[in-house]
file run-v5.txt (compact mmCIF, C-alpha atoms and all ligand atoms)
# COMPACT_ATOMS: atom_id res chain seq x y z
CA MET A 111 0.00 0.00 0.00
CA ASN A 112 1.09 3.55 -0.71
CA PRO A 113 2.70 4.70 2.60
CA ASP A 114 0.88 8.05 2.55
CA LEU A 115 -2.47 6.34 1.94
CA GLU A 116 -1.74 4.05 4.86
CA ARG A 117 -0.89 7.05 7.05
CA LEU A 118 -4.03 8.90 5.97
CA ILE A 119 -6.13 5.87 6.91
CA ARG A 120 -4.44 5.88 10.31
CA LEU A 121 -4.91 9.66 10.60
CA GLN A 122 -8.62 9.19 9.90
CA GLN A 123 -8.80 6.48 12.55
CA ILE A 124 -7.27 8.86 15.08
CA ASP A 125 -9.55 11.78 14.10
CA THR A 126 -12.66 9.58 14.18
CA PHE A 127 -11.67 8.27 17.59
CA VAL A 128 -11.01 11.79 18.90
CA GLU A 129 -14.35 13.05 17.61
CA SER A 130 -16.28 10.18 19.17
CA ALA A 131 -14.29 10.20 22.44
CA ARG A 132 -14.78 13.96 22.88
CA ARG A 133 -18.50 13.52 22.34
CA THR A 134 -18.66 10.74 24.94
CA VAL A 135 -16.72 12.87 27.43
CA ALA A 136 -18.97 15.86 26.74
CA ASP A 137 -22.07 13.68 27.19
CA GLN A 138 -20.91 12.38 30.58
CA PRO A 139 -22.84 14.91 32.74
CA ALA A 140 -26.07 14.18 30.83
CA HIS A 141 -25.41 10.46 31.17
CA VAL A 142 -24.89 10.80 34.94
CA GLN A 143 -28.03 12.95 35.14
CA ALA A 144 -30.03 10.22 33.37
CA LEU A 145 -28.79 7.65 35.90
CA GLU A 146 -29.74 9.97 38.78
CA SER A 147 -33.22 10.37 37.29
CA ARG A 148 -33.61 6.60 37.16
CA LEU A 149 -32.76 6.40 40.86
CA ASP A 150 -35.15 9.27 41.68
CA GLU A 151 -37.90 7.47 39.81
CA ALA A 152 -37.33 4.25 41.81
CA LYS A 153 -37.39 6.30 45.05
CA ARG A 154 -40.58 8.01 43.93
CA ARG A 155 -42.26 4.63 43.25
CA LEU A 156 -41.37 3.49 46.78
CA THR A 157 -42.73 6.72 48.31
CA VAL A 158 -46.00 6.34 46.40
CA ALA A 159 -46.36 2.74 47.62
CA GLN A 160 -45.52 3.70 51.22
CA GLU A 161 -48.01 6.57 51.17
CA ALA A 162 -50.76 4.28 49.88
CA LEU A 163 -50.05 1.83 52.71
CA SER A 164 -50.05 4.64 55.31
CA ALA A 165 -53.37 5.94 53.98
CA ASN A 166 -54.78 2.43 54.27
CA GLN A 167 -53.55 2.09 57.86
CA ALA A 168 -55.07 5.45 58.81
CA ALA A 169 -58.39 4.46 57.22
CA ARG A 170 -58.31 1.16 59.14
CA ARG A 171 -57.71 2.93 62.44
CA THR A 172 -60.67 5.23 61.77
CA LEU A 173 -62.90 2.26 60.89
CA GLU A 174 -61.78 0.40 64.01
CA LYS A 175 -62.75 3.40 66.16
CA ASP A 176 -66.12 3.66 64.37
CA LEU A 177 -66.68 -0.07 64.88
CA ALA A 178 -65.92 0.15 68.61
CA ALA A 179 -68.40 3.02 68.98
CA GLN A 180 -71.05 1.19 66.96
CA GLN A 181 -70.57 -2.01 68.98
CA GLY A 182 -70.83 0.02 72.20
CA ARG A 183 -74.08 1.52 70.99
CA LEU A 184 -75.41 -1.92 70.03
CA SER A 185 -74.69 -3.47 73.43
CA LYS A 186 -76.20 -0.45 75.14
CA PHE A 187 -79.40 -0.98 73.11
CA LYS A 188 -79.38 -4.68 74.03
CA ASP A 189 -79.12 -3.76 77.74
CA GLN A 190 -81.94 -1.27 77.36
CA LEU A 191 -84.09 -3.94 75.73
CA MET A 192 -84.20 -5.76 79.06
CA GLU A 193 -85.57 -2.68 80.78
CA VAL A 194 -88.38 -1.64 78.44
CA LYS A 195 -91.84 -1.62 79.92
CA THR A 196 -94.21 -1.52 76.95
CA ASN A 197 -94.60 -3.39 73.68
CA ARG A 198 -94.20 -0.17 71.74
CA GLU A 199 -90.90 0.56 73.48
CA TYR A 200 -89.82 -3.02 72.86
CA THR A 201 -90.58 -2.79 69.11
CA ALA A 202 -88.84 0.57 68.88
CA MET A 203 -85.78 -0.80 70.65
CA LEU A 204 -85.66 -3.87 68.38
CA LYS A 205 -85.63 -1.52 65.41
CA GLU A 206 -82.78 0.48 66.95
CA ILE A 207 -80.87 -2.78 67.53
CA ASP A 208 -81.49 -3.86 63.95
CA VAL A 209 -80.19 -0.53 62.59
CA ALA A 210 -77.14 -0.70 64.88
CA GLN A 211 -76.39 -4.28 63.79
CA GLN A 212 -76.54 -3.32 60.13
CA GLU A 213 -74.18 -0.45 60.85
CA VAL A 214 -71.73 -2.81 62.60
CA ARG A 215 -71.85 -5.28 59.70
CA ARG A 216 -71.23 -2.54 57.13
CA THR A 217 -68.23 -1.27 59.08
CA GLU A 218 -66.89 -4.83 59.51
CA ASP A 219 -67.19 -5.35 55.75
CA ARG A 220 -65.33 -2.14 55.02
CA LEU A 221 -62.65 -3.05 57.54
CA LEU A 222 -62.20 -6.45 55.89
CA GLU A 223 -61.84 -4.78 52.48
CA ARG A 224 -59.18 -2.48 53.88
CA MET A 225 -57.33 -5.43 55.42
CA LEU A 226 -57.29 -7.29 52.10
CA GLU A 227 -56.14 -4.11 50.42
CA ALA A 228 -53.38 -3.76 53.04
CA ASP A 229 -51.92 -7.14 52.00
CA GLU A 230 -51.67 -5.94 48.41
CA LEU A 231 -50.22 -2.59 49.44
CA SER A 232 -47.60 -4.22 51.69
CA GLY A 233 -46.64 -6.44 48.75
CA ALA A 234 -46.32 -3.35 46.55
CA VAL A 235 -44.05 -1.66 49.13
CA LYS A 236 -41.81 -4.75 49.27
CA THR A 237 -41.65 -4.87 45.46
CA ALA A 238 -40.77 -1.16 45.32
CA GLU A 239 -38.09 -1.63 48.02
CA LYS A 240 -36.53 -4.49 46.07
CA GLY A 241 -36.79 -2.46 42.86
CA LEU A 242 -35.02 0.47 44.48
CA ALA A 243 -32.26 -1.74 45.90
CA ALA A 244 -31.72 -3.41 42.51
CA GLU A 245 -31.74 -0.07 40.71
CA ARG A 246 -29.28 1.38 43.23
CA THR A 247 -26.83 -1.49 42.66
CA GLU A 248 -27.21 -1.35 38.90
CA ILE A 249 -26.83 2.43 38.73
CA GLN A 250 -23.78 2.29 40.98
CA GLN A 251 -22.19 -0.26 38.63
CA GLU A 252 -23.06 1.84 35.59
CA ARG A 253 -21.60 4.94 37.25
CA GLU A 254 -18.35 3.09 37.96
CA ALA A 255 -18.20 1.67 34.43
CA LEU A 256 -18.86 5.13 33.01
CA ASP A 257 -16.16 6.73 35.18
CA GLN A 258 -13.68 4.08 34.06
CA GLU A 259 -14.64 4.52 30.42
CA ILE A 260 -14.25 8.30 30.65
CA ALA A 261 -10.90 8.03 32.43
CA LYS A 262 -9.65 5.66 29.72
CA LEU A 263 -10.96 7.88 26.92
CA LYS A 264 -9.20 10.90 28.44
CA THR A 265 -5.92 8.98 28.63
CA ASP A 266 -6.34 7.79 25.04
CA LEU A 267 -7.25 11.30 23.91
CA ASP A 268 -4.03 12.61 25.45
CA ALA A 269 -2.06 9.84 23.73
CA SER A 270 -3.76 10.52 20.40
CA VAL A 271 -2.53 14.14 20.32
CA GLY A 272 1.13 13.09 20.29
CA GLN A 273 0.53 10.28 17.86
CA ARG A 274 -1.33 12.53 15.47
CA GLN A 275 1.43 15.12 15.53
CA ALA A 276 4.08 12.50 14.83
CA LEU A 277 2.00 10.95 12.06
CA VAL A 278 1.21 14.23 10.32
CA LYS A 279 4.94 15.01 10.07
CA GLN A 280 5.44 11.82 8.05
CA ILE A 281 2.71 12.53 5.49
CA ASP A 282 3.49 14.14 2.13
CA PRO A 283 2.21 17.75 2.39
CA ARG A 284 0.19 17.45 -0.82
CA ALA A 285 -1.63 14.32 0.43
CA LEU A 286 -2.14 15.91 3.83
CA SER A 287 -3.61 19.02 2.23
CA ILE A 288 -6.16 16.90 0.30
CA PHE A 289 -7.08 15.17 3.56
CA GLU A 290 -7.51 18.45 5.43
CA THR A 291 -9.56 20.09 2.69
CA VAL A 292 -11.94 17.13 2.44
CA ALA A 293 -12.12 16.74 6.23
CA ARG A 294 -13.15 20.38 6.61
CA GLY A 295 -15.99 19.97 4.13
CA ARG A 296 -17.09 16.52 5.28
CA LYS A 297 -17.42 16.83 9.07
CA GLY A 298 -13.98 15.37 9.67
CA LEU A 299 -14.51 12.23 7.61
CA ALA A 300 -12.00 12.43 4.74
CA VAL A 301 -11.17 8.77 4.11
CA ALA A 302 -13.59 6.11 2.93
CA GLU A 303 -13.39 2.46 2.05
CA ALA A 304 -14.26 1.44 -1.50
CA LYS A 305 -16.11 -1.85 -1.58
CA ASP A 306 -18.06 -3.77 -4.22
CA GLY A 307 -17.44 -0.90 -6.64
CA LEU A 308 -18.97 1.68 -4.31
CA CYS A 309 -17.78 4.49 -2.08
CA THR A 310 -19.03 3.11 1.24
CA ILE A 311 -19.88 6.55 2.63
CA CYS A 312 -21.68 8.39 -0.18
CA HIS A 313 -22.66 5.08 -1.86
CA VAL A 314 -21.92 6.34 -5.35
CA ARG A 315 -20.89 3.65 -7.82
CA LEU A 316 -17.32 4.16 -8.98
CA ARG A 317 -16.30 3.84 -12.61
CA PRO A 318 -14.88 0.32 -13.10
CA GLN A 319 -11.48 1.66 -14.16
CA LYS A 320 -11.36 3.91 -11.09
CA PHE A 321 -12.37 1.08 -8.77
CA ASN A 322 -9.59 -1.05 -10.29
CA ASP A 323 -7.09 1.73 -9.65
CA ILE A 324 -8.30 2.12 -6.06
CA ARG A 325 -7.98 -1.61 -5.49
CA ARG A 326 -4.23 -1.31 -6.02
CA ASN A 327 -4.00 1.13 -3.07
CA ASP A 328 -0.92 2.70 -4.62
CA ASP A 329 -2.16 6.28 -5.04
CA ILE A 330 -4.22 8.95 -3.30
CA LEU A 331 -7.50 8.73 -5.25
CA GLN A 332 -10.71 10.57 -4.39
CA CYS A 333 -14.38 9.72 -4.80
CA ASP A 334 -15.75 11.71 -7.78
CA SER A 335 -18.89 12.43 -5.79
CA CYS A 336 -17.92 13.16 -2.17
CA GLN A 337 -14.19 13.77 -2.79
CA ARG A 338 -13.19 11.45 0.03
CA ILE A 339 -9.88 9.62 -0.27
CA LEU A 340 -10.65 6.01 -1.13
CA TYR A 341 -8.84 2.83 -0.20
CA TYR A 342 -9.54 -0.84 -0.72
CA ALA A 343 -9.48 -3.26 2.21
CA GLY A 344 -10.38 -6.45 0.39
CA PRO A 345 -13.65 -8.19 -0.44
CA ALA A 346 -14.51 -8.86 3.22
CA SER A 347 -13.06 -5.91 5.05
CA ALA A 348 -13.51 -6.54 8.72
CA ALA A 349 -9.84 -5.76 9.29
CA ALA A 350 -9.20 -2.19 8.22
CA SER A 351 -11.94 0.06 9.42
CA THR A 352 -11.50 3.82 9.65
CA SER A 353 -13.78 3.89 12.67
CA GLU A 354 -11.51 1.93 14.96
CA TRP A 355 -8.45 3.36 16.54
CA ILE A 356 -6.56 1.51 19.20
CA PRO A 357 -3.92 3.59 20.95
CA ASP A 358 -0.34 2.31 20.66
ZN ZN B 1 -17.99 9.06 -1.98
call {"tool": "encode", "arguments": {"input": "run-v5.txt", "output": "structure tokens"}}
result
Amino acid sequence: MNPDLERLIRLQQIDTFVESARRTVADQPAHVQALESRLDEAKRRLTVAQEALSANQAARRTLEKDLAAQQGRLSKFKDQLMEVKTNREYTAMLKEIDVAQQEVRRTEDRLLERMLEADELSGAVKTAEKGLAAERTEIQQEREALDQEIAKLKTDLDASVGQRQALVKQIDPRALSIFETVARGRKGLAVAEAKDGLCTICHVRLRPQKFNDIRRNDDILQCDSCQRILYYAGPASAAASTSEWIPD
């Protein structure tokens, strides 16, 4: 391969890495913020579940008080029944007892409903507690992984500066100037692989003669459409990708 073409491919790998690494570093605060929001959401779900359970407990306490009062009234009526003197009083008291009994049954039913509901709500609190604990662990791990990734990217970014400078010095000025001109106009992406007769970035079909020339990799040739410098990596080109840069 033409040594300058090889260096330009490497230069592109460095520039692509730098671009992507800088973006990841710049995105770090937003990424951390998103993790914090996830934790806040899990905390909020637990609070909602706890509040529902507290409301249920308060409602139960109120019903229990009501029930005690209603039962007191009922037994008072039953005592009074023993002391009535007339039939009319007796009938009236039976009616009072009947009403009081219905009231007690209604309250007992409502209390039972609340107790069944409490089982569900306690289950929901436990689920939310587990969810929060799991989320906390997961977020902590993601934070650590993110911190490590960012630290590594920063180290690699520092290393890439020196490597780029050294590499640029070795490139023929004319070839470097083509690279820089195209890079400026194409968002930093000046080198493209040619594959199956196509420029793999702008997807324009290359003239057969041009594609044959590119396949030899012995000159700095540009795509007629996007002007990017083209190289050929072989029919199955997993090996030489301009998107991957591994620091020396
Ligand atoms: Zn192209």
call {"tool": "closest_residue", "arguments": {"input": "run-v5.txt", "among": "A:Val214, A:Leu163, A:Ala140, A:Ala255", "to": "A:Leu231", "atoms": "all atoms listed in the file"}}
result
A:Leu163
call {"tool": "residues_near_ligand", "arguments": {"input": "run-v5.txt", "ligand": "ligand ZN 1 (chain B)", "cutoff": "12 Å", "atoms": "all atoms listed in the file", "output": "ChimeraX atom specification"}}
result
/A:292,296,299-305,307-317,321,331-341
call {"tool": "atom_distance", "arguments": {"input": "run-v5.txt", "atom1": "atom CA of A:Glu146", "atom2": "atom CA of A:Val235"}}
result
21.1 Å
call {"tool": "atom_distance", "arguments": {"input": "run-v5.txt", "atom1": "atom CA of A:Arg216", "atom2": "atom CA of A:Gln160"}}
result
27.1 Å
call {"tool": "closest_residue", "arguments": {"input": "run-v5.txt", "among": "A:Asn166, A:Gln251, A:Thr157, A:Gln258", "to": "A:Gln138", "atoms": "only C-alpha atoms"}}
result
A:Gln258
call {"tool": "atom_distance", "arguments": {"input": "run-v5.txt", "atom1": "atom CA of A:Leu145", "atom2": "atom CA of A:Arg132"}}
result
20.1 Å
call {"tool": "residues_around", "arguments": {"input": "run-v5.txt", "residues": "stretch 194-210 of chain A", "least_positions_apart": "2", "cutoff": "12 Å", "atoms": "all atoms listed in the file", "output": "NGL selection string"}}
result
:A and (176-192 or 212-217)
call {"tool": "write_last_selection", "arguments": {"input": "run-v5.txt", "atoms": "C-alpha atoms", "output": "short mmCIF file (atom, residue, chain, number, x, y, z; two decimals), keeping the file's coordinate frame"}}
result
data_model
loop_
_atom_site.label_atom_id
_atom_site.label_comp_id
_atom_site.auth_asym_id
_atom_site.auth_seq_id
_atom_site.Cartn_x
_atom_site.Cartn_y
_atom_site.Cartn_z
CA ASP A 176 -66.12 3.66 64.37
CA LEU A 177 -66.68 -0.07 64.88
CA ALA A 178 -65.92 0.15 68.61
CA ALA A 179 -68.40 3.02 68.98
CA GLN A 180 -71.05 1.19 66.96
CA GLN A 181 -70.57 -2.01 68.98
CA GLY A 182 -70.83 0.02 72.20
CA ARG A 183 -74.08 1.52 70.99
CA LEU A 184 -75.41 -1.92 70.03
CA SER A 185 -74.69 -3.47 73.43
CA LYS A 186 -76.20 -0.45 75.14
CA PHE A 187 -79.40 -0.98 73.11
CA LYS A 188 -79.38 -4.68 74.03
CA ASP A 189 -79.12 -3.76 77.74
CA GLN A 190 -81.94 -1.27 77.36
CA LEU A 191 -84.09 -3.94 75.73
CA MET A 192 -84.20 -5.76 79.06
CA GLN A 212 -76.54 -3.32 60.13
CA GLU A 213 -74.18 -0.45 60.85
CA VAL A 214 -71.73 -2.81 62.60
CA ARG A 215 -71.85 -5.28 59.70
CA ARG A 216 -71.23 -2.54 57.13
CA THR A 217 -68.23 -1.27 59.08
#
call {"tool": "axis_aligned_box", "arguments": {"input": "run-v5.txt", "around": "stretch 162-167 of chain A", "padding_each_side": "6 Å", "output": "lines of an AutoDock Vina configuration file"}}
result
center_x = -52.4
center_y = 3.9
center_z = 53.9
size_x = 16.7
size_y = 16.1
size_z = 20.0
call {"tool": "residues_around", "arguments": {"input": "run-v5.txt", "residues": "A:Leu267", "least_positions_apart": "2", "cutoff": "10 Å", "atoms": "all atoms listed in the file", "output": "PDB file with C-alpha atoms, keeping the file's coordinate frame"}}
result
ATOM      1  CA  ILE A 124      -7.270   8.860  15.080  1.00  0.00           C
ATOM      2  CA  PHE A 127     -11.670   8.270  17.590  1.00  0.00           C
ATOM      3  CA  VAL A 128     -11.010  11.790  18.900  1.00  0.00           C
ATOM      4  CA  GLU A 129     -14.350  13.050  17.610  1.00  0.00           C
ATOM      5  CA  ALA A 131     -14.290  10.200  22.440  1.00  0.00           C
ATOM      6  CA  ARG A 132     -14.780  13.960  22.880  1.00  0.00           C
ATOM      7  CA  ALA A 261     -10.900   8.030  32.430  1.00  0.00           C
ATOM      8  CA  LYS A 262      -9.650   5.660  29.720  1.00  0.00           C
ATOM      9  CA  LEU A 263     -10.960   7.880  26.920  1.00  0.00           C
ATOM     10  CA  LYS A 264      -9.200  10.900  28.440  1.00  0.00           C
ATOM     11  CA  THR A 265      -5.920   8.980  28.630  1.00  0.00           C
ATOM     12  CA  ALA A 269      -2.060   9.840  23.730  1.00  0.00           C
ATOM     13  CA  SER A 270      -3.760  10.520  20.400  1.00  0.00           C
ATOM     14  CA  VAL A 271      -2.530  14.140  20.320  1.00  0.00           C
ATOM     15  CA  GLY A 272       1.130  13.090  20.290  1.00  0.00           C
ATOM     16  CA  GLN A 273       0.530  10.280  17.860  1.00  0.00           C
ATOM     17  CA  PRO A 357      -3.920   3.590  20.950  1.00  0.00           C
TER      18      PRO A 357
END
call {"tool": "residues_around", "arguments": {"input": "run-v5.txt", "residues": "A:Asp125", "least_positions_apart": "5", "cutoff": "9 Å", "atoms": "only C-alpha atoms", "output": "list in words"}}
result
Arg120, Ser130, Ser270, Arg274, Gly298, Leu299 and Trp355 of chain A
call {"tool": "residues_near_point", "arguments": {"input": "run-v5.txt", "point": "(-45.1, 0.6, 43.2)", "cutoff": "6 Å", "atoms": "all atoms listed in the file", "output": "VMD selection string"}}
result
chain A and resid 155 to 156 159 234 238
call {"tool": "write_last_selection", "arguments": {"input": "run-v5.txt", "atoms": "C-alpha atoms", "output": "PDB file, keeping the file's coordinate frame"}}
result
ATOM      1  CA  ARG A 155     -42.260   4.630  43.250  1.00  0.00           C
ATOM      2  CA  LEU A 156     -41.370   3.490  46.780  1.00  0.00           C
ATOM      3  CA  ALA A 159     -46.360   2.740  47.620  1.00  0.00           C
ATOM      4  CA  ALA A 234     -46.320  -3.350  46.550  1.00  0.00           C
ATOM      5  CA  ALA A 238     -40.770  -1.160  45.320  1.00  0.00           C
TER       6      ALA A 238
END
call {"tool": "closest_residue", "arguments": {"input": "run-v5.txt", "among": "A:Ala244, A:Ile324, A:Ile288, A:Ile330", "to": "A:Gly344", "atoms": "all atoms listed in the file"}}
result
A:Ile324
call {"tool": "residues_near_point", "arguments": {"input": "run-v5.txt", "point": "(-3.1, 5.5, 9.7)", "cutoff": "10 Å", "atoms": "all atoms listed in the file", "output": "VMD selection string"}}
result
chain A and resid 113 to 124 274 277 to 278 350 352 355
call {"tool": "closest_residue", "arguments": {"input": "run-v5.txt", "among": "A:Asp306, A:Glu290, A:Asp268, A:Glu259", "to": "A:Asn322", "atoms": "all atoms listed in the file"}}
result
A:Asp306
call {"tool": "closest_residue", "arguments": {"input": "run-v5.txt", "among": "A:Gln211, A:Leu173, A:Glu245, A:Glu254", "to": "A:Glu223", "atoms": "only C-alpha atoms"}}
result
A:Leu173
call {"tool": "build_atoms", "arguments": {"input": "run-v5.txt", "residues": "stretch 330-341 of chain A", "atoms": "all heavy atoms", "output": "PDB file, in the frame of the given file"}}
result
ATOM      1  N   ILE A 330      -3.174   8.241  -4.039  1.00  0.00           N
ATOM      2  CA  ILE A 330      -4.220   8.950  -3.300  1.00  0.00           C
ATOM      3  C   ILE A 330      -5.322   9.292  -4.307  1.00  0.00           C
ATOM      4  O   ILE A 330      -5.169  10.219  -5.102  1.00  0.00           O
ATOM      5  CB  ILE A 330      -3.672  10.253  -2.652  1.00  0.00           C
ATOM      6  CG1 ILE A 330      -2.412   9.987  -1.819  1.00  0.00           C
ATOM      7  CG2 ILE A 330      -4.753  10.951  -1.829  1.00  0.00           C
ATOM      8  CD1 ILE A 330      -2.603   9.099  -0.613  1.00  0.00           C
ATOM      9  N   LEU A 331      -6.412   8.526  -4.289  1.00  0.00           N
ATOM     10  CA  LEU A 331      -7.500   8.730  -5.250  1.00  0.00           C
ATOM     11  C   LEU A 331      -8.759   9.140  -4.480  1.00  0.00           C
ATOM     12  O   LEU A 331      -9.008   8.629  -3.387  1.00  0.00           O
ATOM     13  CB  LEU A 331      -7.765   7.441  -6.034  1.00  0.00           C
ATOM     14  CG  LEU A 331      -6.603   6.979  -6.922  1.00  0.00           C
ATOM     15  CD1 LEU A 331      -6.869   5.580  -7.474  1.00  0.00           C
ATOM     16  CD2 LEU A 331      -6.357   7.959  -8.067  1.00  0.00           C
ATOM     17  N   GLN A 332      -9.525  10.054  -5.090  1.00  0.00           N
ATOM     18  CA  GLN A 332     -10.710  10.570  -4.390  1.00  0.00           C
ATOM     19  C   GLN A 332     -11.998  10.122  -5.065  1.00  0.00           C
ATOM     20  O   GLN A 332     -12.035   9.912  -6.281  1.00  0.00           O
ATOM     21  CB  GLN A 332     -10.667  12.103  -4.351  1.00  0.00           C
ATOM     22  CG  GLN A 332      -9.564  12.644  -3.476  1.00  0.00           C
ATOM     23  CD  GLN A 332      -9.415  14.147  -3.629  1.00  0.00           C
ATOM     24  OE1 GLN A 332      -8.572  14.615  -4.395  1.00  0.00           O
ATOM     25  NE2 GLN A 332     -10.241  14.893  -2.908  1.00  0.00           N
ATOM     26  N   CYS A 333     -13.048  10.019  -4.266  1.00  0.00           N
ATOM     27  CA  CYS A 333     -14.380   9.720  -4.800  1.00  0.00           C
ATOM     28  C   CYS A 333     -14.820  10.913  -5.659  1.00  0.00           C
ATOM     29  O   CYS A 333     -14.670  12.061  -5.248  1.00  0.00           O
ATOM     30  CB  CYS A 333     -15.347   9.509  -3.637  1.00  0.00           C
ATOM     31  SG  CYS A 333     -17.072   9.354  -4.127  1.00  0.00           S
ATOM     32  N   ASP A 334     -15.338  10.615  -6.873  1.00  0.00           N
ATOM     33  CA  ASP A 334     -15.750  11.710  -7.780  1.00  0.00           C
ATOM     34  C   ASP A 334     -16.934  12.468  -7.185  1.00  0.00           C
ATOM     35  O   ASP A 334     -17.153  13.630  -7.495  1.00  0.00           O
ATOM     36  CB  ASP A 334     -16.168  11.134  -9.142  1.00  0.00           C
ATOM     37  CG  ASP A 334     -14.953  10.609  -9.889  1.00  0.00           C
ATOM     38  OD1 ASP A 334     -13.851  11.156  -9.677  1.00  0.00           O
ATOM     39  OD2 ASP A 334     -15.099   9.635 -10.650  1.00  0.00           O
ATOM     40  N   SER A 335     -17.690  11.799  -6.336  1.00  0.00           N
ATOM     41  CA  SER A 335     -18.890  12.430  -5.790  1.00  0.00           C
ATOM     42  C   SER A 335     -18.623  13.186  -4.492  1.00  0.00           C
ATOM     43  O   SER A 335     -18.895  14.375  -4.396  1.00  0.00           O
ATOM     44  CB  SER A 335     -19.955  11.357  -5.571  1.00  0.00           C
ATOM     45  OG  SER A 335     -21.056  11.919  -4.924  1.00  0.00           O
ATOM     46  N   CYS A 336     -18.083  12.498  -3.475  1.00  0.00           N
ATOM     47  CA  CYS A 336     -17.920  13.160  -2.170  1.00  0.00           C
ATOM     48  C   CYS A 336     -16.483  13.636  -1.937  1.00  0.00           C
ATOM     49  O   CYS A 336     -16.216  14.248  -0.905  1.00  0.00           O
ATOM     50  CB  CYS A 336     -18.367  12.242  -1.040  1.00  0.00           C
ATOM     51  SG  CYS A 336     -17.300  10.823  -0.719  1.00  0.00           S
ATOM     52  N   GLN A 337     -15.608  13.336  -2.846  1.00  0.00           N
ATOM     53  CA  GLN A 337     -14.190  13.770  -2.790  1.00  0.00           C
ATOM     54  C   GLN A 337     -13.366  13.051  -1.712  1.00  0.00           C
ATOM     55  O   GLN A 337     -12.190  13.377  -1.527  1.00  0.00           O
ATOM     56  CB  GLN A 337     -14.062  15.293  -2.565  1.00  0.00           C
ATOM     57  CG  GLN A 337     -14.853  16.163  -3.533  1.00  0.00           C
ATOM     58  CD  GLN A 337     -14.480  15.894  -4.979  1.00  0.00           C
ATOM     59  OE1 GLN A 337     -13.308  15.791  -5.323  1.00  0.00           O
ATOM     60  NE2 GLN A 337     -15.486  15.734  -5.845  1.00  0.00           N
ATOM     61  N   ARG A 338     -13.956  12.106  -1.024  1.00  0.00           N
ATOM     62  CA  ARG A 338     -13.190  11.450   0.030  1.00  0.00           C
ATOM     63  C   ARG A 338     -12.084  10.580  -0.574  1.00  0.00           C
ATOM     64  O   ARG A 338     -12.232  10.054  -1.688  1.00  0.00           O
ATOM     65  CB  ARG A 338     -14.098  10.597   0.916  1.00  0.00           C
ATOM     66  CG  ARG A 338     -14.997  11.437   1.804  1.00  0.00           C
ATOM     67  CD  ARG A 338     -15.745  10.588   2.806  1.00  0.00           C
ATOM     68  NE  ARG A 338     -16.569  11.441   3.688  1.00  0.00           N
ATOM     69  CZ  ARG A 338     -17.830  11.786   3.424  1.00  0.00           C
ATOM     70  NH1 ARG A 338     -18.441  11.341   2.341  1.00  0.00           N
ATOM     71  NH2 ARG A 338     -18.484  12.572   4.264  1.00  0.00           N
ATOM     72  N   ILE A 339     -11.004  10.448   0.165  1.00  0.00           N
ATOM     73  CA  ILE A 339      -9.880   9.620  -0.270  1.00  0.00           C
ATOM     74  C   ILE A 339     -10.289   8.163  -0.091  1.00  0.00           C
ATOM     75  O   ILE A 339     -10.741   7.770   0.986  1.00  0.00           O
ATOM     76  CB  ILE A 339      -8.622   9.957   0.580  1.00  0.00           C
ATOM     77  CG1 ILE A 339      -8.237  11.423   0.353  1.00  0.00           C
ATOM     78  CG2 ILE A 339      -7.486   9.000   0.269  1.00  0.00           C
ATOM     79  CD1 ILE A 339      -7.387  12.010   1.473  1.00  0.00           C
ATOM     80  N   LEU A 340     -10.145   7.394  -1.160  1.00  0.00           N
ATOM     81  CA  LEU A 340     -10.650   6.010  -1.130  1.00  0.00           C
ATOM     82  C   LEU A 340      -9.514   5.007  -0.989  1.00  0.00           C
ATOM     83  O   LEU A 340      -8.414   5.201  -1.513  1.00  0.00           O
ATOM     84  CB  LEU A 340     -11.438   5.727  -2.404  1.00  0.00           C
ATOM     85  CG  LEU A 340     -12.745   6.520  -2.542  1.00  0.00           C
ATOM     86  CD1 LEU A 340     -13.304   6.387  -3.962  1.00  0.00           C
ATOM     87  CD2 LEU A 340     -13.778   6.059  -1.527  1.00  0.00           C
ATOM     88  N   TYR A 341      -9.799   3.934  -0.285  1.00  0.00           N
ATOM     89  CA  TYR A 341      -8.840   2.830  -0.200  1.00  0.00           C
ATOM     90  C   TYR A 341      -9.628   1.528  -0.300  1.00  0.00           C
ATOM     91  O   TYR A 341     -10.864   1.506  -0.141  1.00  0.00           O
ATOM     92  CB  TYR A 341      -8.058   2.885   1.132  1.00  0.00           C
ATOM     93  CG  TYR A 341      -8.895   2.585   2.348  1.00  0.00           C
ATOM     94  CD1 TYR A 341      -8.941   1.301   2.906  1.00  0.00           C
ATOM     95  CD2 TYR A 341      -9.665   3.590   2.933  1.00  0.00           C
ATOM     96  CE1 TYR A 341      -9.721   1.036   4.011  1.00  0.00           C
ATOM     97  CE2 TYR A 341     -10.454   3.327   4.048  1.00  0.00           C
ATOM     98  CZ  TYR A 341     -10.471   2.043   4.573  1.00  0.00           C
ATOM     99  OH  TYR A 341     -11.257   1.768   5.676  1.00  0.00           O
TER     100      TYR A 341
END
